[in-house]
Every structure is written in structure tokens, then in C-alpha cells.
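Below is one structure; the comments refer to it alone.
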Amino acid sequence: MILFPAIDLKDGQCVRLKLGDMDQVTVFNDSPKAQALEFERQGFEYLHMVDLNGAFEGKSVNGQAVEEVLEAVDFPVQLGGGIRELAQIEAWLDKGLSRVILGTVAVRDPSLVKQACKHFPGQVAVGIDAKGGKVAVEGWAETSELSVIEMAKTFEGAGVAAIIYTDIDRDGILTGINWQGTLDLAQSVKIPVIASGGLASMADIEKLASPECAVLEGAISGRALYDGRIDAKVALDLLRKVKQ
């Protein structure tokens, strides 16, 4: 069971948003590199990064900050936000990313995702972000008519390494993960599912460690790690005891 600390990038800084709103921003660190090194020091074994500007603009915006992180840390890093072409996927993997996360393009052009999975086996994840159970795109600015499970099933058997499922209605407000929606998704597909959006407290970590959640690959935590609601050492010790 993996606990992924999150670094969300906006204008070169490490931030958290509330409800996916780019105007509701809290800056937690001016140096994403320093934050990544701190997460590594705390014992995390994987890092989740999102280029927020990139997600809205459809291209890499915080690439320099990501590259600085990749050069500084030894643990694997996954990145989403503005990655929408095969050439971009290849370029990021060549720079040392372990996994790219495709979101908007997975809705707009599922065939590209399937093609990427063939070219880069085990290194392509799909980010499914939802508002009210419907898939959101373009940095959460638009909502499609596609349901989360419908979208996930389109990639069954394609070789997608993981689905990162974010409930936007809970993201950044510390109200707890949408366990029902997340577990329903994980039980509906064979692709590993990572929970995101709302991880709020050690109670959520305990829930994640329960047998009911063994179907998940892990969860992503942002704000609760930054403000100390989740104790990194205690959380990691608890989750390492979970048998997959």
C-alpha cells in the first residue's frame, strides 16, 4: 500500500488548491526540490507531482521545477498536467520520470493512451478527475458527460499502469476521501486504482490500511501532510504492515 506525497506546481511553487480552484491557492514551499527532498528524508518511496499550470494550458509550464526534482531525488516520480502527446510522454520518461499521468487526453483521445501503453509498458497512468461522478477535463475547468467507471472501462486490457482517481469536490478541503466511489471504481476494473482528493487525517490512513481497501494500490496526500494532520512516520509504518 503506497502513500504518495503530492507536490502540485503553480508558477514554480509548491502549492495546494481548494476544490481545484486556481484562485484558492496556499503556497507551502517556494522550492519544489526542497520539498521533494524532505519527503524523501521522511521515508516516502514514491512522489506524485502535478503541473497545475500545464493542466490548464495543455502544455508543460513547470518543467524546470520538475527536472530539478528528478535530478535531486532517488525515489520514483510520477507526473501529470499538460502531457497530451506521445513525444511529450517520451521526453519526460527520458528525463527520468517513472510514470506519466494522462488526464484530459485520455478523455479526448483514448487511442493515444492505448498507443502510449504499448510504447511505454508500465509507465503510463490515467488520471480520472470527477465532479459529481462525471469526468472533468482541462485542469478541472470543464465537466464531460462520461461517468468515472465508463471511462475506466475503456482502458481495461490496454496496459494502463494505474488509475489515479480524484474527487474534485473533496480535493484540498480535508473532508476525507470518497471511499465509496473509489472502492466502487477499484472493484469495477482490473487496473490498479490510487485514491486522491480529500485524505484528511490519520483516521483515513487507518481506513486505507483496512482489509476493505486492500483492493487499492494506495492513496495520494497533499494538504494533510503539509499541515501535520497526518504524521508521515506513523502513516508509513502503518501502511507498510498492510499485505497486498
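Quick note on naming: the chains in the C-alpha cells go A, B, ... in the order shown, residues restart at 1 in each chain, and ligands are numbered from 1 in order of appearance.
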When DSSP is applied to the backbone of this structure, which of segment 62-108 of chain A are assigned strand (DSSP E)? Write them out as a VMD selection string. chain A and resid 77 to 80 99 to 102
Taking the DSSP secondary structure from the backbone, can you list the residues of segment 35-188 of chain A that are alpha helix (DSSP H), as a ChimeraX atom specification? /A:35-41,52-57,63-72,86-94,104-108,110-119,148-153,179-188
Mind dumping the selected residues with C-alpha atoms as a PDB file, in the first residue's frame?
```pdb
ATOM      1  CA  GLN A  35      10.003  19.762  -0.599  1.00  0.00           C
ATOM      2  CA  ALA A  36      10.730  16.603  -2.582  1.00  0.00           C
ATOM      3  CA  LEU A  37      13.952  16.044  -0.655  1.00  0.00           C
ATOM      4  CA  GLU A  38      12.050  16.480   2.609  1.00  0.00           C
ATOM      5  CA  PHE A  39       9.512  13.847   1.550  1.00  0.00           C
ATOM      6  CA  GLU A  40      12.367  11.508   0.650  1.00  0.00           C
ATOM      7  CA  ARG A  41      14.001  12.143   4.025  1.00  0.00           C
ATOM      8  CA  LEU A  52      -1.283  22.743 -12.454  1.00  0.00           C
ATOM      9  CA  ASN A  53      -0.489  25.478 -14.973  1.00  0.00           C
ATOM     10  CA  GLY A  54       0.194  22.764 -17.520  1.00  0.00           C
ATOM     11  CA  ALA A  55      -3.161  21.107 -16.882  1.00  0.00           C
ATOM     12  CA  PHE A  56      -4.965  24.356 -17.683  1.00  0.00           C
ATOM     13  CA  GLU A  57      -2.764  25.391 -20.603  1.00  0.00           C
ATOM     14  CA  GLY A  63       9.056  21.691 -16.443  1.00  0.00           C
ATOM     15  CA  GLN A  64      12.159  23.233 -14.916  1.00  0.00           C
ATOM     16  CA  ALA A  65      10.894  22.614 -11.376  1.00  0.00           C
ATOM     17  CA  VAL A  66      10.085  19.003 -12.249  1.00  0.00           C
ATOM     18  CA  GLU A  67      13.531  18.459 -13.761  1.00  0.00           C
ATOM     19  CA  GLU A  68      15.188  19.873 -10.645  1.00  0.00           C
ATOM     20  CA  VAL A  69      13.230  17.386  -8.543  1.00  0.00           C
ATOM     21  CA  LEU A  70      14.170  14.478 -10.808  1.00  0.00           C
ATOM     22  CA  GLU A  71      17.845  15.389 -10.547  1.00  0.00           C
ATOM     23  CA  ALA A  72      17.695  15.674  -6.751  1.00  0.00           C
ATOM     24  CA  LEU A  86       3.432  10.864 -27.455  1.00  0.00           C
ATOM     25  CA  ALA A  87       6.525  13.000 -27.920  1.00  0.00           C
ATOM     26  CA  GLN A  88       5.925  14.678 -24.549  1.00  0.00           C
ATOM     27  CA  ILE A  89       5.486  11.306 -22.861  1.00  0.00           C
ATOM     28  CA  GLU A  90       8.724  10.003 -24.337  1.00  0.00           C
ATOM     29  CA  ALA A  91      10.618  13.175 -23.439  1.00  0.00           C
ATOM     30  CA  TRP A  92       9.534  13.044 -19.783  1.00  0.00           C
ATOM     31  CA  LEU A  93      10.327   9.350 -19.430  1.00  0.00           C
ATOM     32  CA  ASP A  94      13.750  10.016 -20.952  1.00  0.00           C
ATOM     33  CA  THR A 104      -7.602  15.338 -20.472  1.00  0.00           C
ATOM     34  CA  VAL A 105      -6.118  13.481 -23.435  1.00  0.00           C
ATOM     35  CA  ALA A 106      -7.447  10.207 -22.018  1.00  0.00           C
ATOM     36  CA  VAL A 107     -10.960  11.614 -22.484  1.00  0.00           C
ATOM     37  CA  ARG A 108     -10.307  13.404 -25.772  1.00  0.00           C
ATOM     38  CA  PRO A 110      -8.264   7.311 -25.732  1.00  0.00           C
ATOM     39  CA  SER A 111      -6.401   5.763 -28.673  1.00  0.00           C
ATOM     40  CA  LEU A 112      -3.333   7.851 -27.840  1.00  0.00           C
ATOM     41  CA  VAL A 113      -3.329   6.437 -24.304  1.00  0.00           C
ATOM     42  CA  LYS A 114      -3.519   2.891 -25.646  1.00  0.00           C
ATOM     43  CA  GLN A 115      -0.725   3.627 -28.113  1.00  0.00           C
ATOM     44  CA  ALA A 116       1.410   5.096 -25.310  1.00  0.00           C
ATOM     45  CA  CYS A 117       0.855   1.993 -23.167  1.00  0.00           C
ATOM     46  CA  LYS A 118       2.216  -0.168 -25.981  1.00  0.00           C
ATOM     47  CA  HIS A 119       5.266   2.051 -26.482  1.00  0.00           C
ATOM     48  CA  VAL A 148     -15.878   7.555 -13.933  1.00  0.00           C
ATOM     49  CA  ILE A 149     -16.471   3.821 -14.308  1.00  0.00           C
ATOM     50  CA  GLU A 150     -17.378   4.151 -18.003  1.00  0.00           C
ATOM     51  CA  MET A 151     -14.111   5.924 -18.668  1.00  0.00           C
ATOM     52  CA  ALA A 152     -12.042   3.470 -16.652  1.00  0.00           C
ATOM     53  CA  LYS A 153     -13.511   0.509 -18.505  1.00  0.00           C
ATOM     54  CA  TRP A 179     -14.283   5.883  -0.169  1.00  0.00           C
ATOM     55  CA  GLN A 180     -17.494   4.574  -1.714  1.00  0.00           C
ATOM     56  CA  GLY A 181     -16.788   5.991  -5.159  1.00  0.00           C
ATOM     57  CA  THR A 182     -13.127   4.973  -5.028  1.00  0.00           C
ATOM     58  CA  LEU A 183     -13.801   1.410  -3.927  1.00  0.00           C
ATOM     59  CA  ASP A 184     -16.644   1.030  -6.443  1.00  0.00           C
ATOM     60  CA  LEU A 185     -14.197   2.021  -9.173  1.00  0.00           C
ATOM     61  CA  ALA A 186     -11.462  -0.312  -7.928  1.00  0.00           C
ATOM     62  CA  GLN A 187     -13.912  -3.223  -7.828  1.00  0.00           C
ATOM     63  CA  SER A 188     -15.191  -2.466 -11.333  1.00  0.00           C
TER      64      SER A 188
END
```
Here is a test: counting only C-alpha atoms, which residue of A:Arg16, A:Lys233, A:Lys95, A:Arg84 is nearest to Met202 of chain A?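 Of A:Arg16, A:Lys233, A:Lys95, A:Arg84, the one nearest Met202 of chain A is A:Lys233, counting only C-alpha atoms.
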Near-Asp30 of chain A list (10 Å; only C-alpha atoms; drop same-chain fewer than 5 positions) as an MDAnalysis selection string: chainID A and resid 9 11:15 35
Nearest to Gly127 of chain A: which of A:Leu225, A:Ile101, A:Leu3, A:Val50 is it, counting only C-alpha atoms?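 Closest to Gly127 of chain A, using only C-alpha atoms: A:Ile101.
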Interatomic distance, atom CA of His48 of chain A to atom CA of Asp204 of chain A (Å, one decimal):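 Atom CA of His48 of chain A sits 18.4 Å away from atom CA of Asp204 of chain A.
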Expressed in Å to a single decimal, how great is the separation between atom CA of Leu17 of chain A and atom CA of Ile177 of chain A?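 Going from atom CA of Leu17 of chain A over to atom CA of Ile177 of chain A covers 15.8 Å.
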What is the atom CA of Lys59 of chain A-atom CA of Val160 of chain A distance in Å, reported with one decimal? 21.6 Å
Could you check which of A:Ile191, A:Leu236, A:Ile205, A:Ile164 is closest to Gly176 of chain A, using only C-alpha atoms? A:Ile205
So which one's closest to Ile163 of chain A, A:Asp227, A:Asp129, A:Asp237, A:Glu212? Using only C-alpha atoms, please. A:Asp129
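Counting only C-alpha atoms and comparing A:Gln42, A:Leu146, A:Lys190, A:Val126, the residue that lies closest to Asp231 of chain A is A:Gln42.
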